[in-house]
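What follows is the content of structure.pdb (PDB, C-alpha atoms and all ligand atoms).
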```pdb
ATOM      1  CA  MET Z 248       0.000   0.000   0.000
ATOM      2  CA  SER Z 249       1.464   3.277  -1.091
ATOM      3  CA  THR Z 250       1.638   6.205   1.304
ATOM      4  CA  ILE Z 251       2.379   8.950  -1.168
ATOM      5  CA  ALA Z 252       0.556  12.280  -1.080
ATOM      6  CA  ASP Z 253      -3.045  12.289  -2.330
ATOM      7  CA  TRP Z 254      -2.429  14.674  -5.234
ATOM      8  CA  LEU Z 255       0.256  12.327  -6.619
ATOM      9  CA  MET Z 256      -2.039   9.289  -6.675
ATOM     10  CA  PRO Z 257      -3.889   9.960  -9.979
ATOM     11  CA  CYS Z 258      -0.529  10.263 -11.795
ATOM     12  CA  LEU Z 259       0.716   7.033 -10.215
ATOM     13  CA  ARG Z 260      -2.509   5.231 -11.156
ATOM     14  CA  GLN Z 261      -2.304   6.516 -14.727
ATOM     15  CA  VAL Z 262       1.102   4.870 -15.168
ATOM     16  CA  GLN Z 263       0.061   1.674 -13.350
ATOM     17  CA  VAL Z 264      -2.933   1.269 -15.679
ATOM     18  CA  LEU Z 265      -0.774   1.748 -18.786
ATOM     19  CA  ARG Z 266       1.738  -0.751 -17.495
ATOM     20  CA  GLN Z 267      -0.929  -3.355 -16.778
ATOM     21  CA  ALA Z 268      -2.209  -2.892 -20.325
ATOM     22  CA  ASN Z 269       1.337  -3.351 -21.646
ATOM     23  CA  SER Z 270       1.174   0.053 -23.292
ATOM     24  CA  LEU Z 271       3.538   2.044 -21.113
ATOM     25  CA  SER Z 272       6.113   4.140 -22.966
ATOM     26  CA  HIS Z 273       9.742   3.246 -22.206
ATOM     27  CA  ALA Z 274      10.384   6.925 -21.397
ATOM     28  CA  LEU Z 275       8.508   9.039 -18.849
ATOM     29  CA  LEU Z 276       8.919  12.721 -18.075
ATOM     30  CA  ILE Z 277       7.396  13.842 -14.788
ATOM     31  CA  THR Z 278       6.862  17.592 -14.648
ATOM     32  CA  GLY Z 279       5.218  20.097 -12.322
ATOM     33  CA  ALA Z 280       6.035  23.131 -10.201
ATOM     34  CA  ASP Z 281       9.104  22.963  -8.003
ATOM     35  CA  GLY Z 282       8.397  21.185  -4.722
ATOM     36  CA  VAL Z 283       5.095  19.455  -5.604
ATOM     37  CA  GLY Z 284       6.641  15.981  -5.406
ATOM     38  CA  GLN Z 285       7.877  14.906  -8.848
ATOM     39  CA  GLU Z 286      10.821  13.078  -7.311
ATOM     40  CA  GLU Z 287       8.668  11.258  -4.749
ATOM     41  CA  LEU Z 288       6.253  10.210  -7.495
ATOM     42  CA  ALA Z 289       9.144   9.059  -9.695
ATOM     43  CA  HIS Z 290      10.530   6.862  -6.915
ATOM     44  CA  GLU Z 291       7.122   5.203  -6.466
ATOM     45  CA  MET Z 292       6.843   4.584 -10.205
ATOM     46  CA  VAL Z 293      10.337   3.107 -10.306
ATOM     47  CA  LYS Z 294       9.454   0.714  -7.471
ATOM     48  CA  ASP Z 295       6.406  -0.460  -9.450
ATOM     49  CA  LEU Z 296       8.495  -0.957 -12.603
ATOM     50  CA  MET Z 297      11.158  -2.960 -10.787
ATOM     51  CA  CYS Z 298       8.744  -5.276  -8.976
ATOM     52  CA  GLU Z 299       8.697  -8.861 -10.277
ATOM     53  CA  SER Z 300       5.011  -9.483  -9.510
ATOM     54  CA  ASP Z 301       2.299  -8.835 -12.079
ATOM     55  CA  GLN Z 302       0.398  -6.504  -9.744
ATOM     56  CA  ALA Z 303      -0.106  -2.859 -10.699
ATOM     57  CA  ALA Z 304       1.729  -1.581  -7.609
ATOM     58  CA  ALA Z 305       5.015  -2.888  -6.202
ATOM     59  CA  CYS Z 306       4.346  -5.966  -4.015
ATOM     60  CA  GLY Z 307       6.978  -5.028  -1.430
ATOM     61  CA  HIS Z 308       8.004  -8.688  -0.923
ATOM     62  CA  CYS Z 309       9.771  -9.985  -4.036
ATOM     63  CA  HIS Z 310      13.545 -10.010  -4.378
ATOM     64  CA  SER Z 311      13.514  -6.849  -6.512
ATOM     65  CA  CYS Z 312      11.326  -4.980  -4.024
ATOM     66  CA  GLN Z 313      13.698  -5.983  -1.222
ATOM     67  CA  LEU Z 314      16.738  -4.833  -3.191
ATOM     68  CA  MET Z 315      15.009  -1.536  -3.998
ATOM     69  CA  ARG Z 316      14.292  -1.011  -0.312
ATOM     70  CA  ALA Z 317      17.943  -1.692   0.509
ATOM     71  CA  ASP Z 318      18.975   0.678  -2.292
ATOM     72  CA  THR Z 319      21.140  -2.050  -3.846
ATOM     73  CA  HIS Z 320      19.221  -3.117  -6.962
ATOM     74  CA  PRO Z 321      21.778  -3.715  -9.747
ATOM     75  CA  ASP Z 322      19.258  -2.943 -12.531
ATOM     76  CA  PHE Z 323      18.311   0.479 -11.195
ATOM     77  CA  ARG Z 324      20.510   3.530 -11.798
ATOM     78  CA  VAL Z 325      19.936   7.111 -10.761
ATOM     79  CA  LEU Z 326      21.423  10.478 -11.677
ATOM     80  CA  ASP Z 327      20.443  13.560  -9.691
ATOM     81  CA  GLY Z 328      20.962  17.035 -11.108
ATOM     82  CA  GLN Z 329      19.872  18.966  -8.029
ATOM     83  CA  ALA Z 330      23.324  19.944  -6.816
ATOM     84  CA  ALA Z 331      25.421  19.874  -9.979
ATOM     85  CA  THR Z 332      25.331  19.698 -13.773
ATOM     86  CA  ILE Z 333      24.792  16.190 -15.200
ATOM     87  CA  LYS Z 334      27.660  15.474 -17.583
ATOM     88  CA  VAL Z 335      27.908  13.241 -20.627
ATOM     89  CA  ASP Z 336      30.381  10.808 -19.033
ATOM     90  CA  GLN Z 337      27.885  10.073 -16.264
ATOM     91  CA  VAL Z 338      25.147   9.323 -18.796
ATOM     92  CA  ARG Z 339      27.425   7.141 -20.953
ATOM     93  CA  LEU Z 340      28.558   5.123 -17.939
ATOM     94  CA  LEU Z 341      24.988   4.581 -16.871
ATOM     95  CA  VAL Z 342      23.803   3.579 -20.355
ATOM     96  CA  ARG Z 343      26.679   1.084 -20.532
ATOM     97  CA  GLN Z 344      25.768  -0.345 -17.139
ATOM     98  CA  ILE Z 345      22.173  -1.003 -18.113
ATOM     99  CA  SER Z 346      22.899  -2.301 -21.605
ATOM    100  CA  GLN Z 347      23.087  -5.881 -20.325
ATOM    101  CA  LYS Z 348      20.149  -8.168 -19.523
ATOM    102  CA  PRO Z 349      18.424  -7.509 -16.201
ATOM    103  CA  GLN Z 350      20.343  -9.237 -13.430
ATOM    104  CA  VAL Z 351      17.438  -9.745 -11.049
ATOM    105  CA  GLY Z 352      13.916  -9.062 -12.282
ATOM    106  CA  GLN Z 353      12.400  -8.269 -15.642
ATOM    107  CA  ASN Z 354      13.074  -4.566 -16.076
ATOM    108  CA  LYS Z 355      15.889  -2.052 -15.829
ATOM    109  CA  VAL Z 356      15.252   1.567 -14.915
ATOM    110  CA  VAL Z 357      17.274   4.747 -15.240
ATOM    111  CA  LEU Z 358      16.005   7.633 -13.128
ATOM    112  CA  ILE Z 359      17.251  11.150 -13.888
ATOM    113  CA  THR Z 360      15.938  13.705 -11.391
ATOM    114  CA  HIS Z 361      16.182  17.476 -11.993
ATOM    115  CA  ALA Z 362      16.874  16.539 -15.609
ATOM    116  CA  GLN Z 363      17.152  20.195 -16.655
ATOM    117  CA  ALA Z 364      20.654  20.002 -15.139
ATOM    118  CA  MET Z 365      21.885  17.869 -18.046
ATOM    119  CA  ASN Z 366      24.335  19.760 -20.226
ATOM    120  CA  ILE Z 367      23.820  19.584 -23.977
ATOM    121  CA  ASN Z 368      26.145  16.610 -24.498
ATOM    122  CA  ALA Z 369      24.519  14.672 -21.663
ATOM    123  CA  ALA Z 370      21.078  15.471 -23.095
ATOM    124  CA  ASN Z 371      22.168  14.219 -26.524
ATOM    125  CA  ALA Z 372      23.456  10.990 -24.977
ATOM    126  CA  VAL Z 373      20.093  10.469 -23.269
ATOM    127  CA  LEU Z 374      18.307  11.235 -26.533
ATOM    128  CA  LYS Z 375      20.398   8.599 -28.318
ATOM    129  CA  ALA Z 376      19.474   6.046 -25.633
ATOM    130  CA  LEU Z 377      15.788   6.936 -26.029
ATOM    131  CA  GLU Z 378      16.003   6.602 -29.804
ATOM    132  CA  GLU Z 379      17.531   3.138 -29.568
ATOM    133  CA  PRO Z 380      15.750   1.744 -26.516
ATOM    134  CA  ALA Z 381      17.334  -1.319 -24.948
ATOM    135  CA  ASP Z 382      14.925  -4.158 -24.253
ATOM    136  CA  ARG Z 383      12.912  -3.860 -21.011
ATOM    137  CA  THR Z 384      14.626  -0.601 -20.099
ATOM    138  CA  TYR Z 385      12.724   2.411 -18.830
ATOM    139  CA  PHE Z 386      13.929   5.985 -18.523
ATOM    140  CA  VAL Z 387      12.157   8.114 -15.915
ATOM    141  CA  LEU Z 388      13.024  11.821 -15.946
ATOM    142  CA  THR Z 389      11.795  14.526 -13.573
ATOM    143  CA  SER Z 390      11.978  18.255 -14.114
ATOM    144  CA  SER Z 391      10.292  21.417 -12.867
ATOM    145  CA  GLN Z 392      11.649  23.212 -15.954
ATOM    146  CA  SER Z 393      10.743  20.703 -18.620
ATOM    147  CA  THR Z 394      10.588  23.372 -21.339
ATOM    148  CA  SER Z 395      14.352  23.774 -21.003
ATOM    149  CA  LEU Z 396      14.850  20.112 -22.002
ATOM    150  CA  LEU Z 397      15.533  19.234 -25.639
ATOM    151  CA  PRO Z 398      12.181  19.161 -27.496
ATOM    152  CA  THR Z 399      13.336  15.882 -29.058
ATOM    153  CA  ILE Z 400      13.636  14.353 -25.567
ATOM    154  CA  ARG Z 401      10.247  15.694 -24.497
ATOM    155  CA  SER Z 402       8.546  14.352 -27.592
ATOM    156  CA  ARG Z 403       9.840  10.831 -26.905
ATOM    157  CA  CYS Z 404       8.486  10.743 -23.358
ATOM    158  CA  LEU Z 405       5.080  10.110 -21.896
ATOM    159  CA  LEU Z 406       4.397  13.406 -20.110
ATOM    160  CA  VAL Z 407       3.120  13.029 -16.532
ATOM    161  CA  ASN Z 408       2.118  16.407 -15.168
ATOM    162  CA  VAL Z 409       1.900  16.625 -11.362
ATOM    163  CA  PRO Z 410      -0.831  19.080 -10.287
ATOM    164  CA  THR Z 411      -0.047  21.782  -7.734
ATOM    165  CA  PRO Z 412      -1.992  20.944  -4.538
ATOM    166  CA  ASN Z 413      -4.146  23.651  -2.974
ATOM    167  CA  GLU Z 414      -3.436  25.036   0.493
ATOM    168  CA  ALA Z 415      -5.993  22.787   2.213
ATOM    169  CA  GLU Z 416      -4.488  19.662   0.643
ATOM    170  CA  VAL Z 417      -0.990  20.706   1.712
ATOM    171  CA  ARG Z 418      -2.175  21.489   5.253
ATOM    172  CA  GLN Z 419      -3.866  18.097   5.535
ATOM    173  CA  TRP Z 420      -0.746  16.335   4.269
ATOM    174  CA  LEU Z 421       1.531  18.291   6.611
ATOM    175  CA  MET Z 422      -0.543  17.136   9.583
ATOM    176  CA  LYS Z 423       0.687  13.596   8.846
ATOM    177  CA  GLN Z 424       4.341  14.701   8.927
ATOM    178  CA  ALA Z 425       6.504  15.232  11.984
ATOM    179  CA  ASP Z 426       6.252  18.897  13.093
ATOM    180  CA  GLY Z 427       3.582  19.489  10.447
ATOM    181  CA  ASP Z 428       2.032  22.190  12.624
ATOM    182  CA  ALA Z 429       5.223  24.210  12.701
ATOM    183  CA  LEU Z 430       5.657  23.791   8.965
ATOM    184  CA  SER Z 431       2.167  25.013   8.120
ATOM    185  CA  SER Z 432       3.001  28.237   9.970
ATOM    186  CA  LEU Z 433       5.545  28.842   7.167
ATOM    187  CA  PHE Z 434       2.940  29.148   4.410
ATOM    188  CA  TRP Z 435       4.032  32.777   3.966
ATOM    189  CA  LEU Z 436       7.353  31.386   2.711
ATOM    190  CA  THR Z 437       5.929  28.721   0.406
ATOM    191  CA  THR Z 438       2.962  26.396   0.107
ATOM    192  CA  GLN Z 439       4.957  23.907  -1.989
ATOM    193  CA  PRO Z 440       4.853  20.823   0.261
ATOM    194  CA  PHE Z 441       8.202  19.267  -0.510
ATOM    195  CA  ARG Z 442       9.970  22.608  -0.285
ATOM    196  CA  LEU Z 443       8.616  22.915   3.257
ATOM    197  CA  LEU Z 444       9.786  19.409   4.036
ATOM    198  CA  ALA Z 445      13.253  20.236   2.681
ATOM    199  CA  VAL Z 446      13.400  23.306   4.958
ATOM    200  CA  GLN Z 447      12.644  21.043   7.900
ATOM    201  CA  LYS Z 448      15.140  18.354   6.863
ATOM    202  CA  GLN Z 449      17.870  20.976   6.560
ATOM    203  CA  GLY Z 450      17.085  22.128  10.109
ATOM    204  CA  LYS Z 451      16.120  25.611   8.923
ATOM    205  CA  ALA Z 452      12.457  25.807   9.988
ATOM    206  CA  GLN Z 453      13.314  27.797  13.117
ATOM    207  CA  LEU Z 454      15.470  30.246  11.168
ATOM    208  CA  TYR Z 455      12.511  31.097   8.925
ATOM    209  CA  ALA Z 456       9.874  30.982  11.653
ATOM    210  CA  SER Z 457      11.663  33.558  13.798
ATOM    211  CA  LEU Z 458      12.315  36.071  10.988
ATOM    212  CA  PRO Z 459       8.969  37.981  11.038
ATOM    213  CA  ASP Z 460       9.132  38.708  14.787
ATOM    214  CA  GLN Z 461      12.833  39.531  14.727
ATOM    215  CA  LEU Z 462      12.273  41.933  11.874
ATOM    216  CA  THR Z 463       9.375  43.584  13.689
ATOM    217  CA  ASP Z 464      11.625  44.064  16.722
ATOM    218  CA  LEU Z 465      14.329  45.582  14.529
ATOM    219  CA  LEU Z 466      11.973  48.077  12.905
ATOM    220  CA  ARG Z 467      10.487  49.050  16.244
ATOM    221  CA  GLY Z 468      13.963  49.698  17.625
ATOM    222  CA  SER Z 469      14.006  46.919  20.199
ATOM    223  CA  ALA Z 470      16.586  44.722  18.415
ATOM    224  CA  SER Z 471      19.746  45.429  16.443
ATOM    225  CA  VAL Z 472      20.738  44.275  12.955
ATOM    226  CA  SER Z 473      23.585  42.239  14.438
ATOM    227  CA  ALA Z 474      21.136  40.456  16.752
ATOM    228  CA  ILE Z 475      18.995  39.389  13.786
ATOM    229  CA  LEU Z 476      22.016  38.255  11.804
ATOM    230  CA  LYS Z 477      23.538  36.284  14.652
ATOM    231  CA  GLY Z 478      24.099  32.821  13.175
ATOM    232  CA  LEU Z 479      24.352  34.103   9.592
ATOM    233  CA  ASP Z 480      27.103  32.555   7.481
ATOM    234  CA  ASN Z 481      27.779  31.420   3.924
ATOM    235  CA  SER Z 482      25.715  28.263   4.432
ATOM    236  CA  ASN Z 483      22.467  30.071   5.217
ATOM    237  CA  ILE Z 484      22.675  33.548   3.687
ATOM    238  CA  GLU Z 485      20.444  32.401   0.850
ATOM    239  CA  ASP Z 486      17.824  31.366   3.421
ATOM    240  CA  TYR Z 487      17.958  34.796   5.076
ATOM    241  CA  CYS Z 488      17.570  36.448   1.656
ATOM    242  CA  ASN Z 489      14.714  34.090   0.701
ATOM    243  CA  GLY Z 490      12.925  34.674   3.999
ATOM    244  CA  LEU Z 491      13.262  38.454   3.895
ATOM    245  CA  ALA Z 492      12.243  38.572   0.222
ATOM    246  CA  ALA Z 493       9.201  36.373   0.906
ATOM    247  CA  ILE Z 494       8.113  38.675   3.734
ATOM    248  CA  LEU Z 495       8.436  41.739   1.494
ATOM    249  CA  HIS Z 496       6.646  39.987  -1.363
ATOM    250  CA  GLN Z 497       3.702  39.027   0.840
ATOM    251  CA  CYS Z 498       3.511  42.577   2.236
ATOM    252  CA  ILE Z 499       3.575  44.109  -1.254
ATOM    253  CA  CYS Z 500       0.790  41.739  -2.380
ATOM    254  CA  HIS Z 501      -1.239  42.557   0.748
ATOM    255  CA  SER Z 502      -0.970  46.285   0.009
ATOM    256  CA  THR Z 503      -2.842  45.592  -3.238
ATOM    257  CA  GLY Z 504      -5.606  43.645  -1.510
ATOM    258  CA  ALA Z 505      -4.341  40.050  -1.258
ATOM    259  CA  PRO Z 506      -4.878  38.356   2.125
ATOM    260  CA  ILE Z 507      -1.868  38.095   4.412
ATOM    261  CA  ASP Z 508      -0.741  35.232   6.652
ATOM    262  CA  SER Z 509      -1.422  36.015  10.311
ATOM    263  CA  ALA Z 510       2.286  35.455  11.073
ATOM    264  CA  LEU Z 511       3.060  38.556   8.973
ATOM    265  CA  GLN Z 512       0.345  40.976  10.174
ATOM    266  CA  ALA Z 513       2.577  42.738  12.713
ATOM    267  CA  ILE Z 514       5.521  43.093  10.372
ATOM    268  CA  TYR Z 515       3.209  44.345   7.609
ATOM    269  CA  ASP Z 516       1.806  47.137   9.786
ATOM    270  CA  THR Z 517       5.306  48.137  10.874
ATOM    271  CA  LEU Z 518       6.855  47.993   7.395
ATOM    272  CA  ILE Z 519       4.116  50.033   5.725
ATOM    273  CA  ALA Z 520       4.213  52.681   8.457
ATOM    274  CA  ARG Z 521       7.982  52.941   8.327
ATOM    275  CA  LEU Z 522       8.971  52.435   4.683
ATOM    276  CA  GLY Z 523       5.896  52.822   2.489
ATOM    277  CA  ILE Z 524       5.109  50.703  -0.535
ATOM    278  CA  GLN Z 525       7.624  52.258  -2.980
ATOM    279  CA  THR Z 526      10.535  51.595  -0.637
ATOM    280  CA  LEU Z 527       9.298  48.055   0.030
ATOM    281  CA  MET Z 528       9.516  47.375  -3.689
ATOM    282  CA  LEU Z 529      13.018  48.830  -3.884
ATOM    283  CA  ARG Z 530      14.184  46.703  -0.949
ATOM    284  CA  TYR Z 531      12.637  43.613  -2.543
ATOM    285  CA  GLN Z 532      14.564  44.227  -5.773
ATOM    286  CA  SER Z 533      17.722  44.917  -3.824
ATOM    287  CA  LEU Z 534      17.421  41.586  -1.965
ATOM    288  CA  GLN Z 535      16.936  39.693  -5.218
ATOM    289  CA  LYS Z 536      20.036  41.348  -6.652
ATOM    290  CA  LEU Z 537      22.021  40.562  -3.514
ATOM    291  CA  LYS Z 538      20.994  36.903  -3.802
ATOM    292  CA  SER Z 539      22.078  36.595  -7.415
ATOM    293  CA  ASP Z 540      25.350  38.503  -6.735
ATOM    294  CA  LEU Z 541      26.196  36.112  -3.896
ATOM    295  CA  GLN Z 542      26.230  33.205  -6.355
ATOM    296  CA  LYS Z 543      28.671  35.012  -8.635
ATOM    297  CA  THR Z 544      31.089  36.681  -6.264
ATOM    298  CA  ASN Z 545      32.826  36.148  -2.951
ATOM    299  CA  LEU Z 546      31.015  38.940  -1.138
ATOM    300  CA  ASN Z 547      31.123  38.912   2.631
ATOM    301  CA  PRO Z 548      27.562  37.796   3.473
ATOM    302  CA  ILE Z 549      27.335  39.458   6.867
ATOM    303  CA  MET Z 550      28.571  42.787   5.527
ATOM    304  CA  GLN Z 551      26.176  42.643   2.576
ATOM    305  CA  LEU Z 552      23.067  41.791   4.529
ATOM    306  CA  THR Z 553      23.929  44.223   7.330
ATOM    307  CA  HIS Z 554      24.201  46.968   4.724
ATOM    308  CA  GLU Z 555      20.815  45.932   3.300
ATOM    309  CA  LEU Z 556      18.989  45.815   6.631
ATOM    310  CA  ASN Z 557      20.464  49.140   7.719
ATOM    311  CA  GLN Z 558      18.359  50.694   4.979
ATOM    312  CA  TRP Z 559      15.067  49.283   6.292
TER     313      TRP Z 559
HETATM  314 ZN    ZN Z 601       7.744  -6.810  -5.740
END
```

Hey, can you dump this file as C-alpha cells for me?
Ligand SMILES: [Zn+2]
Amino acid sequence: MSTIADWLMPCLRQVQVLRQANSLSHALLITGADGVGQEELAHEMVKDLMCESDQAAACGHCHSCQLMRADTHPDFRVLDGQAATIKVDQVRLLVRQISQKPQVGQNKVVLITHAQAMNINAANAVLKALEEPADRTYFVLTSSQSTSLLPTIRSRCLLVNVPTPNEAEVRQWLMKQADGDALSSLFWLTTQPFRLLAVQKQGKAQLYASLPDQLTDLLRGSASVSAILKGLDNSNIEDYCNGLAAILHQCICHSTGAPIDSALQAIYDTLIARLGIQTLMLRYQSLQKLKSDLQKTNLNPIMQLTHELNQW
C-alpha cells in the first residue's frame, strides 16, 4: 500500500494502468512546479516498474522490491541534477551499465531527477538512448523546468504532469508529517509541500519561523541588525535572503488587496508605516540582486546583509 501524497495518486494510477495494459512508454517525463513531489512520485513509479510481480503496484516482498528497499538493486541507476550539472560521461557510464540483460527481475530503470541540469552533451546521450531503446529498459526523468529540455527528448516521453496541490491539501498532508504544525506556519514562505519538508530536513524551519518577529523588533527599535544576523554565514545567507524577500513579497501583495498570513500581520503594519510601498519594492529588488550577486562573487555575506537591513 502506497503512502504517497493524495495529489500524486492519480498520476501514479495513470502509469500503473498503462503498465498493466502493456502500453507504457519506455520513457517518462514527470513535470510540475518545483516542490510538488515529482521526485517522490518518480521513486514510487520506479518501485512499481522494478517489482517482479504482475500486480499494478510494487508488491513489497519480491527479491527486486527488497533490493530496492535496501537501495542495492543492480538494474536500477539514478542520476540527480539537483546539486550539480549532469555530464555526458555520467550518462554514458549509466547507459553502458544497463545495456546488459536484467540481473534480477524483468526490467531495468534509469532515473534522472532534476533533468534540466543535463548539459547539452549529456542530453544528446540520453536522446540517443531513447532513440535506440534497450529491451525492457525504462527511462524516468523529472523536471520542474521541462521546457528547457531538448524538445526531441520531451517528444519521446510520456508526459506526466503533477498538479499543484491547494493550500488545504498541503495542510492536511503536513498534519501527517513530523512537526507538520510548525511547517504550516511557514505558508508565507511557500505552500509547496516538498519545499517545506526540505526546509525542515535541513534544520532551517526555526530560522525562517523567527524572521517575522525579529524583523518587527528591529523596525520598532528593540533589536539590532547584528542580533537578527547572529548565526548568519555562507551556508544560510540564501535562506535569510529568501525569507526576507518572501516577507516583502507578501507585504507588497497585501498592500494591493491580497490576504496576508497572520504570522506577517505585525511586520506588515510596521513595514508600511515605516517604509511605504515604494521603498518596500526597492528593498525587494535589492534583496533579489544581492541573492544573485552572492552566487557570482565572494562577497562577505554578513557585511552585505547588514548593509541591506540598515536601509530598512
Ligand atoms: Zn515486488

Just need the box for segment 310-323 of chain Z, edges along x, y and z, holding every atom the file lists for it with 3 Å tacked onto each side, so centre and edge lengths in Å to one decimal, as JSON.
```
{"center_x": 16.6, "center_y": -4.7, "center_z": -6.0, "size_x": 16.5, "size_y": 16.7, "size_z": 19.0}
```

Computed gap from atom CA of Asn269 of chain Z to atom CA of Glu299 of chain Z is 14.6 Å

Shell of 6 Å around ligand ZN 601 (chain Z) (only C-alpha atoms and all ligand atoms), written as an NGL selection string: :Z and (298-300 or 305-309 or 311-312)

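Across Z:Ile499, Z:Met528, Z:Ile400, Z:Val283, the tightest approach to Lys375 of chain Z is made by Z:Ile400 when counting only C-alpha atoms.
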
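What separates atom CA of Val357 of chain Z from atom CA of Ala304 of chain Z is a distance of 18.4 Å.
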
Using all atoms listed in the file, pick whichever of Z:Leu479, Z:Ile507, Z:Leu388, Z:Ala381 has the shortest atom-to-atom distance to Met550 of chain Z. Z:Leu479

Taking 3 positions as the minimum chain separation for residues in the same chain, which residues sit within 8 Å of Leu537 of chain Z when counting only C-alpha atoms? Answer as a PyMOL selection string. chain Z and resi 488+533-534+540-541+551

Write the residues of the selection above to a file with C-alpha atoms, as a CSV table (one decimal), keeping the file's coordinate frame.
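Wrote it out as out-v2.csv, contents follow:
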```csv
chain,number,residue,atom,x,y,z
Z,488,CYS,CA,17.6,36.4,1.7
Z,533,SER,CA,17.7,44.9,-3.8
Z,534,LEU,CA,17.4,41.6,-2.0
Z,540,ASP,CA,25.4,38.5,-6.7
Z,541,LEU,CA,26.2,36.1,-3.9
Z,551,GLN,CA,26.2,42.6,2.6
```

So which residues get picked by the PyMOL selection byres (((chain Z and resi 496) around 12) and not hetatm) here, written as a short mmCIF file (atom, residue, chain, number, x, y, z; two decimals) with C-alpha atoms, keeping the file's coordinate frame?
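Dumped everything to selection-v2.cif:
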```cif
data_model
loop_
_atom_site.label_atom_id
_atom_site.label_comp_id
_atom_site.auth_asym_id
_atom_site.auth_seq_id
_atom_site.Cartn_x
_atom_site.Cartn_y
_atom_site.Cartn_z
CA TRP Z 435 4.03 32.78 3.97
CA LEU Z 436 7.35 31.39 2.71
CA THR Z 437 5.93 28.72 0.41
CA CYS Z 488 17.57 36.45 1.66
CA ASN Z 489 14.71 34.09 0.70
CA GLY Z 490 12.92 34.67 4.00
CA LEU Z 491 13.26 38.45 3.90
CA ALA Z 492 12.24 38.57 0.22
CA ALA Z 493 9.20 36.37 0.91
CA ILE Z 494 8.11 38.67 3.73
CA LEU Z 495 8.44 41.74 1.49
CA GLN Z 497 3.70 39.03 0.84
CA CYS Z 498 3.51 42.58 2.24
CA ILE Z 499 3.58 44.11 -1.25
CA CYS Z 500 0.79 41.74 -2.38
CA HIS Z 501 -1.24 42.56 0.75
CA SER Z 502 -0.97 46.28 0.01
CA THR Z 503 -2.84 45.59 -3.24
CA ALA Z 505 -4.34 40.05 -1.26
CA ILE Z 507 -1.87 38.10 4.41
CA ASP Z 508 -0.74 35.23 6.65
CA LEU Z 511 3.06 38.56 8.97
CA TYR Z 515 3.21 44.34 7.61
CA LEU Z 518 6.86 47.99 7.40
CA ILE Z 524 5.11 50.70 -0.54
CA LEU Z 527 9.30 48.06 0.03
CA MET Z 528 9.52 47.38 -3.69
CA LEU Z 529 13.02 48.83 -3.88
CA ARG Z 530 14.18 46.70 -0.95
CA TYR Z 531 12.64 43.61 -2.54
CA GLN Z 532 14.56 44.23 -5.77
CA LEU Z 534 17.42 41.59 -1.96
CA GLN Z 535 16.94 39.69 -5.22
#
```

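The space separating atom CA of Ser471 of chain Z from atom CA of Trp559 of chain Z comes to 11.8 Å.
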
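Residues matched by the PyMOL selection byres (((chain Z and resi 460) around 12) and not hetatm) in this structure: Gln453, Leu454, Tyr455, Ala456, Ser457, Leu458, Pro459, Gln461, Leu462, Thr463, Asp464, Leu465, Leu466, Arg467, Ser469, Ala470, Ile475, Leu491, Ile494, Ser509, Ala510, Leu511, Gln512, Ala513, Ile514, Tyr515 and Thr517 of chain Z.
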
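If all atoms listed in the file are the atoms counted, then among Z:Leu326, Z:Ile519, Z:Met422, Z:Val293 the closest residue to Leu340 of chain Z is Z:Leu326.
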